[in-house]
>>> print(open('coords27.pdb').read())   # PDB, N, CA and C atoms
ATOM      1  N   MET O  29      -4.853  -9.915  75.513
ATOM      2  CA  MET O  29      -3.454  -9.708  75.258
ATOM      3  C   MET O  29      -3.213  -9.583  73.746
ATOM      4  N   THR O  30      -2.305  -8.651  73.350
ATOM      5  CA  THR O  30      -2.031  -8.450  71.927
ATOM      6  C   THR O  30      -0.938  -9.381  71.474
ATOM      7  N   ASP O  31      -0.969  -9.673  70.213
ATOM      8  CA  ASP O  31       0.038 -10.532  69.609
ATOM      9  C   ASP O  31       1.362  -9.774  69.550
ATOM     10  N   MET O  32       2.444 -10.357  69.935
ATOM     11  CA  MET O  32       3.758  -9.716  70.001
ATOM     12  C   MET O  32       4.307  -9.379  68.620
ATOM     13  N   THR O  33       3.816 -10.042  67.577
ATOM     14  CA  THR O  33       4.311  -9.746  66.232
ATOM     15  C   THR O  33       3.768  -8.418  65.718
ATOM     16  N   GLU O  34       2.640  -7.943  66.239
ATOM     17  CA  GLU O  34       2.070  -6.674  65.794
ATOM     18  C   GLU O  34       2.827  -5.479  66.363
ATOM     19  N   THR O  35       3.377  -5.615  67.508
ATOM     20  CA  THR O  35       4.027  -4.496  68.174
ATOM     21  C   THR O  35       5.224  -3.964  67.386
ATOM     22  N   PRO O  36       6.151  -4.797  66.927
ATOM     23  CA  PRO O  36       7.267  -4.246  66.139
ATOM     24  C   PRO O  36       6.802  -3.562  64.857
ATOM     25  N   ASP O  37       5.801  -4.145  64.170
ATOM     26  CA  ASP O  37       5.296  -3.509  62.953
ATOM     27  C   ASP O  37       4.686  -2.149  63.271
ATOM     28  N   ARG O  38       3.943  -2.117  64.337
ATOM     29  CA  ARG O  38       3.301  -0.857  64.734
ATOM     30  C   ARG O  38       4.356   0.181  65.104
ATOM     31  N   LEU O  39       5.384  -0.230  65.816
ATOM     32  CA  LEU O  39       6.468   0.694  66.165
ATOM     33  C   LEU O  39       7.206   1.157  64.920
ATOM     34  N   ASP O  40       7.416   0.246  63.972
ATOM     35  CA  ASP O  40       8.077   0.629  62.722
ATOM     36  C   ASP O  40       7.277   1.692  61.985
ATOM     37  N   LYS O  41       5.959   1.511  61.898
ATOM     38  CA  LYS O  41       5.099   2.489  61.233
ATOM     39  C   LYS O  41       5.131   3.830  61.962
ATOM     40  N   LEU O  42       5.073   3.808  63.276
ATOM     41  CA  LEU O  42       5.139   5.043  64.051
ATOM     42  C   LEU O  42       6.482   5.740  63.857
ATOM     43  N   GLU O  43       7.546   4.945  63.841
ATOM     44  CA  GLU O  43       8.873   5.537  63.661
ATOM     45  C   GLU O  43       9.014   6.128  62.262
ATOM     46  N   ILE O  44       8.479   5.453  61.259
ATOM     47  CA  ILE O  44       8.527   5.977  59.896
ATOM     48  C   ILE O  44       7.756   7.294  59.818
ATOM     49  N   ARG O  45       6.589   7.347  60.427
ATOM     50  CA  ARG O  45       5.802   8.588  60.448
ATOM     51  C   ARG O  45       6.547   9.697  61.175
ATOM     52  N   LYS O  46       7.125   9.341  62.314
ATOM     53  CA  LYS O  46       7.894  10.327  63.094
ATOM     54  C   LYS O  46       9.064  10.853  62.273
ATOM     55  N   ASP O  47       9.784   9.963  61.617
ATOM     56  CA  ASP O  47      10.929  10.369  60.799
ATOM     57  C   ASP O  47      10.487  11.255  59.631
ATOM     58  N   THR O  48       9.365  10.893  59.007
ATOM     59  CA  THR O  48       8.849  11.687  57.889
ATOM     60  C   THR O  48       8.479  13.092  58.353
ATOM     61  N   ILE O  49       7.765  13.164  59.458
ATOM     62  CA  ILE O  49       7.382  14.472  60.001
ATOM     63  C   ILE O  49       8.620  15.279  60.364
ATOM     64  N   GLN O  50       9.599  14.636  60.945
ATOM     65  CA  GLN O  50      10.836  15.318  61.337
ATOM     66  C   GLN O  50      11.540  15.887  60.108
ATOM     67  N   VAL O  51      11.643  15.103  59.040
ATOM     68  CA  VAL O  51      12.319  15.559  57.822
ATOM     69  C   VAL O  51      11.552  16.717  57.183
ATOM     70  N   VAL O  52      10.221  16.617  57.177
ATOM     71  CA  VAL O  52       9.405  17.694  56.599
ATOM     72  C   VAL O  52       9.603  18.991  57.387
ATOM     73  N   ILE O  53       9.597  18.906  58.701
ATOM     74  CA  ILE O  53       9.773  20.104  59.535
ATOM     75  C   ILE O  53      11.173  20.681  59.361
ATOM     76  N   GLU O  54      12.190  19.814  59.334
ATOM     77  CA  GLU O  54      13.561  20.303  59.131
ATOM     78  C   GLU O  54      13.701  20.973  57.776
ATOM     79  N   SER O  55      13.115  20.374  56.746
ATOM     80  CA  SER O  55      13.166  20.950  55.402
ATOM     81  C   SER O  55      12.459  22.306  55.376
ATOM     82  N   GLY O  56      11.287  22.364  55.990
ATOM     83  CA  GLY O  56      10.557  23.624  56.049
ATOM     84  C   GLY O  56      11.349  24.705  56.760
ATOM     85  N   ALA O  57      11.957  24.333  57.880
ATOM     86  CA  ALA O  57      12.751  25.309  58.632
ATOM     87  C   ALA O  57      13.931  25.807  57.797
ATOM     88  N   THR O  58      14.559  24.907  57.063
ATOM     89  CA  THR O  58      15.689  25.296  56.218
ATOM     90  C   THR O  58      15.240  26.271  55.137
ATOM     91  N   HIS O  59      14.120  25.958  54.477
ATOM     92  CA  HIS O  59      13.635  26.829  53.401
ATOM     93  C   HIS O  59      13.144  28.165  53.939
ATOM     94  N   VAL O  60      12.458  28.148  55.058
ATOM     95  CA  VAL O  60      12.005  29.412  55.662
ATOM     96  C   VAL O  60      13.219  30.255  56.044
ATOM     97  N   GLY O  61      14.250  29.614  56.593
ATOM     98  CA  GLY O  61      15.471  30.346  56.930
ATOM     99  C   GLY O  61      16.105  30.979  55.706
ATOM    100  N   SER O  62      16.130  30.251  54.608
ATOM    101  CA  SER O  62      16.685  30.801  53.366
ATOM    102  C   SER O  62      15.859  31.973  52.866
ATOM    103  N   ILE O  63      14.542  31.827  52.910
ATOM    104  CA  ILE O  63      13.660  32.904  52.458
ATOM    105  C   ILE O  63      13.837  34.143  53.330
ATOM    106  N   VAL O  64      13.928  33.953  54.634
ATOM    107  CA  VAL O  64      14.142  35.086  55.541
ATOM    108  C   VAL O  64      15.461  35.777  55.215
ATOM    109  N   GLY O  65      16.488  34.990  54.927
ATOM    110  CA  GLY O  65      17.774  35.573  54.542
ATOM    111  C   GLY O  65      17.667  36.417  53.282
ATOM    112  N   ILE O  66      16.897  35.927  52.316
ATOM    113  CA  ILE O  66      16.695  36.678  51.075
ATOM    114  C   ILE O  66      15.963  37.983  51.358
ATOM    115  N   VAL O  67      14.913  37.911  52.168
ATOM    116  CA  VAL O  67      14.129  39.111  52.488
ATOM    117  C   VAL O  67      14.983  40.118  53.253
ATOM    118  N   VAL O  68      15.743  39.642  54.220
ATOM    119  CA  VAL O  68      16.605  40.539  55.003
ATOM    120  C   VAL O  68      17.633  41.199  54.093
ATOM    121  N   GLY O  69      18.210  40.433  53.178
ATOM    122  CA  GLY O  69      19.168  41.007  52.233
ATOM    123  C   GLY O  69      18.520  42.053  51.347
ATOM    124  N   ALA O  70      17.297  41.779  50.907
ATOM    125  CA  ALA O  70      16.587  42.737  50.058
ATOM    126  C   ALA O  70      16.283  44.023  50.821
ATOM    127  N   VAL O  71      15.843  43.889  52.062
ATOM    128  CA  VAL O  71      15.561  45.075  52.883
ATOM    129  C   VAL O  71      16.845  45.884  53.072
ATOM    130  N   ARG O  72      17.947  45.196  53.338
ATOM    131  CA  ARG O  72      19.232  45.882  53.507
ATOM    132  C   ARG O  72      19.612  46.626  52.228
ATOM    133  N   ASP O  73      19.477  45.965  51.072
ATOM    134  CA  ASP O  73      19.845  46.587  49.803
ATOM    135  C   ASP O  73      18.957  47.783  49.475
ATOM    136  N   VAL O  74      17.659  47.657  49.715
ATOM    137  CA  VAL O  74      16.738  48.771  49.457
ATOM    138  C   VAL O  74      17.066  49.943  50.374
ATOM    139  N   THR O  75      17.347  49.659  51.645
ATOM    140  CA  THR O  75      17.710  50.717  52.592
ATOM    141  C   THR O  75      18.982  51.429  52.139
ATOM    142  N   ARG O  76      19.959  50.669  51.680
ATOM    143  CA  ARG O  76      21.213  51.266  51.200
ATOM    144  C   ARG O  76      20.939  52.165  49.993
ATOM    145  N   GLU O  77      20.127  51.686  49.050
ATOM    146  CA  GLU O  77      19.812  52.490  47.862
ATOM    147  C   GLU O  77      19.068  53.766  48.229
ATOM    148  N   LEU O  78      18.128  53.672  49.143
ATOM    149  CA  LEU O  78      17.406  54.873  49.583
ATOM    150  C   LEU O  78      18.352  55.864  50.248
ATOM    151  N   GLY O  79      19.284  55.361  51.041
ATOM    152  CA  GLY O  79      20.262  56.233  51.686
ATOM    153  C   GLY O  79      21.156  56.925  50.674
ATOM    154  N   GLU O  80      21.587  56.172  49.650
ATOM    155  CA  GLU O  80      22.427  56.777  48.613
ATOM    156  C   GLU O  80      21.645  57.809  47.810
ATOM    157  N   TRP O  81      20.365  57.531  47.566
ATOM    158  CA  TRP O  81      19.521  58.489  46.848
ATOM    159  C   TRP O  81      19.354  59.762  47.663
ATOM    160  N   ALA O  82      19.134  59.613  48.967
ATOM    161  CA  ALA O  82      19.006  60.787  49.837
ATOM    162  C   ALA O  82      20.301  61.595  49.831
ATOM    163  N   THR O  83      21.435  60.920  49.855
ATOM    164  CA  THR O  83      22.726  61.614  49.789
ATOM    165  C   THR O  83      22.837  62.401  48.490
ATOM    166  N   ASP O  84      22.430  61.789  47.380
ATOM    167  CA  ASP O  84      22.442  62.500  46.094
ATOM    168  C   ASP O  84      21.580  63.757  46.157
ATOM    169  N   ILE O  85      20.408  63.638  46.750
ATOM    170  CA  ILE O  85      19.500  64.790  46.850
ATOM    171  C   ILE O  85      20.147  65.904  47.662
ATOM    172  N   PHE O  86      20.779  65.565  48.781
ATOM    173  CA  PHE O  86      21.452  66.581  49.597
ATOM    174  C   PHE O  86      22.582  67.252  48.813
ATOM    175  N   GLU O  87      23.351  66.450  48.066
ATOM    176  CA  GLU O  87      24.454  67.010  47.293
ATOM    177  C   GLU O  87      23.938  67.910  46.169
ATOM    178  N   ILE O  88      22.858  67.507  45.518
ATOM    179  CA  ILE O  88      22.274  68.327  44.449
ATOM    180  C   ILE O  88      21.734  69.627  45.023
ATOM    181  N   ARG O  89      21.071  69.550  46.162
ATOM    182  CA  ARG O  89      20.537  70.755  46.812
ATOM    183  C   ARG O  89      21.676  71.703  47.191
ATOM    184  N   ASP O  90      22.762  71.127  47.730
ATOM    185  CA  ASP O  90      23.907  71.953  48.120
ATOM    186  C   ASP O  90      24.557  72.598  46.896
ATOM    187  N   ALA O  91      24.684  71.840  45.809
ATOM    188  CA  ALA O  91      25.269  72.393  44.581
ATOM    189  C   ALA O  91      24.387  73.508  44.022
ATOM    190  N   ALA O  92      23.078  73.323  44.085
ATOM    191  CA  ALA O  92      22.161  74.358  43.603
ATOM    192  C   ALA O  92      22.274  75.614  44.466
ATOM    193  N   ARG O  93      22.407  75.454  45.769
ATOM    194  CA  ARG O  93      22.558  76.599  46.673
ATOM    195  C   ARG O  93      23.842  77.355  46.358
ATOM    196  N   ARG O  94      24.945  76.597  46.159
ATOM    197  CA  ARG O  94      26.217  77.251  45.846
ATOM    198  C   ARG O  94      26.155  77.968  44.506
ATOM    199  N   ALA O  95      25.499  77.350  43.529
ATOM    200  CA  ALA O  95      25.364  77.991  42.206
ATOM    201  C   ALA O  95      24.548  79.272  42.328
ATOM    202  N   ARG O  96      23.488  79.241  43.124
ATOM    203  CA  ARG O  96      22.661  80.430  43.333
ATOM    204  C   ARG O  96      23.487  81.537  43.996
ATOM    205  N   GLU O  97      24.278  81.166  45.012
ATOM    206  CA  GLU O  97      25.118  82.158  45.698
ATOM    207  C   GLU O  97      26.157  82.739  44.752
ATOM    208  N   ASP O  98      26.768  81.881  43.915
ATOM    209  CA  ASP O  98      27.761  82.372  42.947
ATOM    210  C   ASP O  98      27.122  83.351  41.962
ATOM    211  N   THR O  99      25.917  83.041  41.516
ATOM    212  CA  THR O  99      25.205  83.913  40.593
ATOM    213  C   THR O  99      24.907  85.263  41.250
ATOM    214  N   GLU O 100      24.498  85.235  42.501
ATOM    215  CA  GLU O 100      24.208  86.474  43.227
ATOM    216  C   GLU O 100      25.467  87.304  43.384
ATOM    217  N   VAL O 101      26.598  86.668  43.717
ATOM    218  CA  VAL O 101      27.859  87.395  43.884
ATOM    219  C   VAL O 101      28.283  88.010  42.566
ATOM    220  N   ARG O 102      28.175  87.246  41.478
ATOM    221  CA  ARG O 102      28.555  87.781  40.158
ATOM    222  C   ARG O 102      27.645  88.947  39.775
ATOM    223  N   GLY O 103      26.384  88.831  40.104
ATOM    224  CA  GLY O 103      25.430  89.919  39.802
ATOM    225  C   GLY O 103      25.802  91.184  40.554
ATOM    226  N   GLU O 104      26.231  91.036  41.812
ATOM    227  CA  GLU O 104      26.619  92.212  42.602
ATOM    228  C   GLU O 104      27.913  92.809  42.073
ATOM    229  N   LEU O 105      28.837  91.977  41.615
ATOM    230  CA  LEU O 105      30.108  92.490  41.083
ATOM    231  C   LEU O 105      29.921  93.228  39.763
ATOM    232  N   GLU O 106      28.924  92.825  38.992
ATOM    233  CA  GLU O 106      28.683  93.453  37.694
ATOM    234  C   GLU O 106      27.987  94.786  37.833
ATOM    235  N   ARG O 107      27.456  95.126  38.968
ATOM    236  CA  ARG O 107      26.734  96.393  39.153
ATOM    237  C   ARG O 107      27.672  97.532  39.238
TER     238      ARG O 107
END
>>> encode(input="coords27.pdb", output="structure tokens")
Amino acid sequence: MTDMTETPDRLDKLEIRKDTIQVVIESGATHVGSIVGIVVGAVRDVTRELGEWATDIFEIRDAARRAREDTEVRGELER
């Protein structure tokens, strides 16, 4: 038979370990969640910038096409 005075001490140590592990896991989950939020925000921002850059390219291409057409029309009028 075990001494009854050892049982509460042993339970206290187990509970302290359990609490420590719980706090470490909760802290890790919180930090991982924050990091994921940062990464998701960065992906969103990069996607937005790429989309705006693509829009600029389309607008520049369209402006170049219109300028080329205007030049051709002026060339035909000058003949």
>>> axis_aligned_box(input="coords27.pdb", around="stretch 84-94 of chain O", padding_each_side="6 Å", output="lines of an AutoDock Vina configuration file")
center_x = 22.9
center_y = 69.9
center_z = 46.6
size_x = 18.7
size_y = 28.2
size_z = 18.0
>>> atom_distance(input="coords27.pdb", atom1="atom C of O:Asp90", atom2="atom N of O:Arg72")
28.9 Å
>>> atom_distance(input="coords27.pdb", atom1="atom N of O:Glu77", atom2="atom C of O:Thr58")
26.6 Å
>>> atom_distance(input="coords27.pdb", atom1="atom N of O:Glu87", atom2="atom C of O:Val71")
22.1 Å
>>> decode(input="coords27.pdb", residues="stretch 30-76 of chain O", atoms="N, CA and C atoms", output="compact mmCIF listing (two decimals), in the first residue's frame")
# COMPACT_ATOMS: atom_id res chain seq x y z
N THR O 30 0.47 2.29 -0.77
CA THR O 30 1.26 3.52 -0.85
C THR O 30 0.85 4.47 0.24
N ASP O 31 1.77 5.30 0.60
CA ASP O 31 1.53 6.31 1.63
C ASP O 31 0.59 7.37 1.06
N MET O 32 -0.42 7.76 1.76
CA MET O 32 -1.43 8.71 1.30
C MET O 32 -0.87 10.12 1.12
N THR O 33 0.25 10.43 1.78
CA THR O 33 0.82 11.77 1.63
C THR O 33 1.50 11.94 0.27
N GLU O 34 1.91 10.85 -0.38
CA GLU O 34 2.55 10.95 -1.68
C GLU O 34 1.55 11.24 -2.80
N THR O 35 0.36 10.78 -2.66
CA THR O 35 -0.63 10.91 -3.72
C THR O 35 -0.95 12.37 -4.03
N PRO O 36 -1.24 13.23 -3.06
CA PRO O 36 -1.51 14.63 -3.40
C PRO O 36 -0.32 15.31 -4.06
N ASP O 37 0.90 15.03 -3.58
CA ASP O 37 2.08 15.63 -4.21
C ASP O 37 2.22 15.17 -5.65
N ARG O 38 2.00 13.91 -5.85
CA ARG O 38 2.11 13.36 -7.21
C ARG O 38 1.04 13.96 -8.11
N LEU O 39 -0.17 14.11 -7.61
CA LEU O 39 -1.23 14.74 -8.40
C LEU O 39 -0.91 16.20 -8.68
N ASP O 40 -0.34 16.89 -7.69
CA ASP O 40 0.04 18.29 -7.91
C ASP O 40 1.07 18.40 -9.02
N LYS O 41 2.08 17.53 -9.02
CA LYS O 41 3.10 17.54 -10.06
C LYS O 41 2.49 17.23 -11.43
N LEU O 42 1.61 16.26 -11.49
CA LEU O 42 0.96 15.92 -12.75
C LEU O 42 0.10 17.08 -13.25
N GLU O 43 -0.60 17.72 -12.32
CA GLU O 43 -1.45 18.85 -12.71
C GLU O 43 -0.60 20.02 -13.19
N ILE O 44 0.52 20.27 -12.54
CA ILE O 44 1.41 21.34 -12.97
C ILE O 44 1.94 21.05 -14.37
N ARG O 45 2.34 19.81 -14.62
CA ARG O 45 2.82 19.43 -15.95
C ARG O 45 1.72 19.58 -16.99
N LYS O 46 0.53 19.12 -16.63
CA LYS O 46 -0.62 19.23 -17.55
C LYS O 46 -0.90 20.70 -17.86
N ASP O 47 -0.90 21.54 -16.84
CA ASP O 47 -1.17 22.96 -17.04
C ASP O 47 -0.08 23.61 -17.90
N THR O 48 1.17 23.23 -17.66
CA THR O 48 2.28 23.77 -18.45
C THR O 48 2.14 23.38 -19.92
N ILE O 49 1.87 22.12 -20.15
CA ILE O 49 1.69 21.64 -21.53
C ILE O 49 0.51 22.35 -22.18
N GLN O 50 -0.56 22.53 -21.45
CA GLN O 50 -1.75 23.20 -21.98
C GLN O 50 -1.42 24.64 -22.37
N VAL O 51 -0.70 25.36 -21.52
CA VAL O 51 -0.35 26.75 -21.81
C VAL O 51 0.58 26.84 -23.02
N VAL O 52 1.54 25.91 -23.10
CA VAL O 52 2.46 25.90 -24.24
C VAL O 52 1.70 25.66 -25.54
N ILE O 53 0.79 24.71 -25.54
CA ILE O 53 0.01 24.40 -26.75
C ILE O 53 -0.89 25.57 -27.12
N GLU O 54 -1.55 26.18 -26.12
CA GLU O 54 -2.41 27.33 -26.41
C GLU O 54 -1.59 28.49 -26.97
N SER O 55 -0.42 28.73 -26.39
CA SER O 55 0.45 29.80 -26.88
C SER O 55 0.90 29.51 -28.31
N GLY O 56 1.30 28.28 -28.57
CA GLY O 56 1.71 27.90 -29.91
C GLY O 56 0.59 28.10 -30.92
N ALA O 57 -0.61 27.67 -30.53
CA ALA O 57 -1.76 27.82 -31.44
C ALA O 57 -2.04 29.29 -31.72
N THR O 58 -1.92 30.13 -30.70
CA THR O 58 -2.15 31.56 -30.88
C THR O 58 -1.12 32.15 -31.84
N HIS O 59 0.15 31.80 -31.64
CA HIS O 59 1.20 32.35 -32.51
C HIS O 59 1.10 31.81 -33.93
N VAL O 60 0.81 30.54 -34.07
CA VAL O 60 0.63 29.98 -35.42
C VAL O 60 -0.54 30.66 -36.11
N GLY O 61 -1.62 30.89 -35.37
CA GLY O 61 -2.77 31.60 -35.95
C GLY O 61 -2.39 32.99 -36.41
N SER O 62 -1.60 33.69 -35.62
CA SER O 62 -1.15 35.03 -36.02
C SER O 62 -0.28 34.98 -37.26
N ILE O 63 0.63 34.01 -37.30
CA ILE O 63 1.52 33.87 -38.46
C ILE O 63 0.71 33.55 -39.71
N VAL O 64 -0.26 32.66 -39.59
CA VAL O 64 -1.11 32.32 -40.73
C VAL O 64 -1.86 33.56 -41.22
N GLY O 65 -2.34 34.36 -40.28
CA GLY O 65 -3.01 35.61 -40.66
C GLY O 65 -2.10 36.54 -41.44
N ILE O 66 -0.85 36.63 -41.00
CA ILE O 66 0.13 37.47 -41.69
C ILE O 66 0.38 36.95 -43.10
N VAL O 67 0.56 35.64 -43.22
CA VAL O 67 0.82 35.03 -44.53
C VAL O 67 -0.38 35.22 -45.46
N VAL O 68 -1.57 34.99 -44.94
CA VAL O 68 -2.78 35.15 -45.76
C VAL O 68 -2.91 36.60 -46.22
N GLY O 69 -2.63 37.54 -45.33
CA GLY O 69 -2.68 38.96 -45.71
C GLY O 69 -1.66 39.28 -46.78
N ALA O 70 -0.46 38.71 -46.65
CA ALA O 70 0.58 38.95 -47.64
C ALA O 70 0.19 38.38 -49.00
N VAL O 71 -0.36 37.18 -49.00
CA VAL O 71 -0.80 36.56 -50.26
C VAL O 71 -1.89 37.43 -50.90
N ARG O 72 -2.82 37.90 -50.08
CA ARG O 72 -3.89 38.77 -50.60
C ARG O 72 -3.30 40.04 -51.21
N ASP O 73 -2.36 40.68 -50.50
CA ASP O 73 -1.76 41.92 -50.99
C ASP O 73 -0.97 41.70 -52.27
N VAL O 74 -0.21 40.62 -52.34
CA VAL O 74 0.57 40.32 -53.55
C VAL O 74 -0.37 40.05 -54.72
N THR O 75 -1.45 39.31 -54.48
CA THR O 75 -2.43 39.03 -55.53
C THR O 75 -3.05 40.33 -56.03
N ARG O 76 -3.38 41.22 -55.12
CA ARG O 76 -3.97 42.51 -55.51
C ARG O 76 -2.98 43.31 -56.37
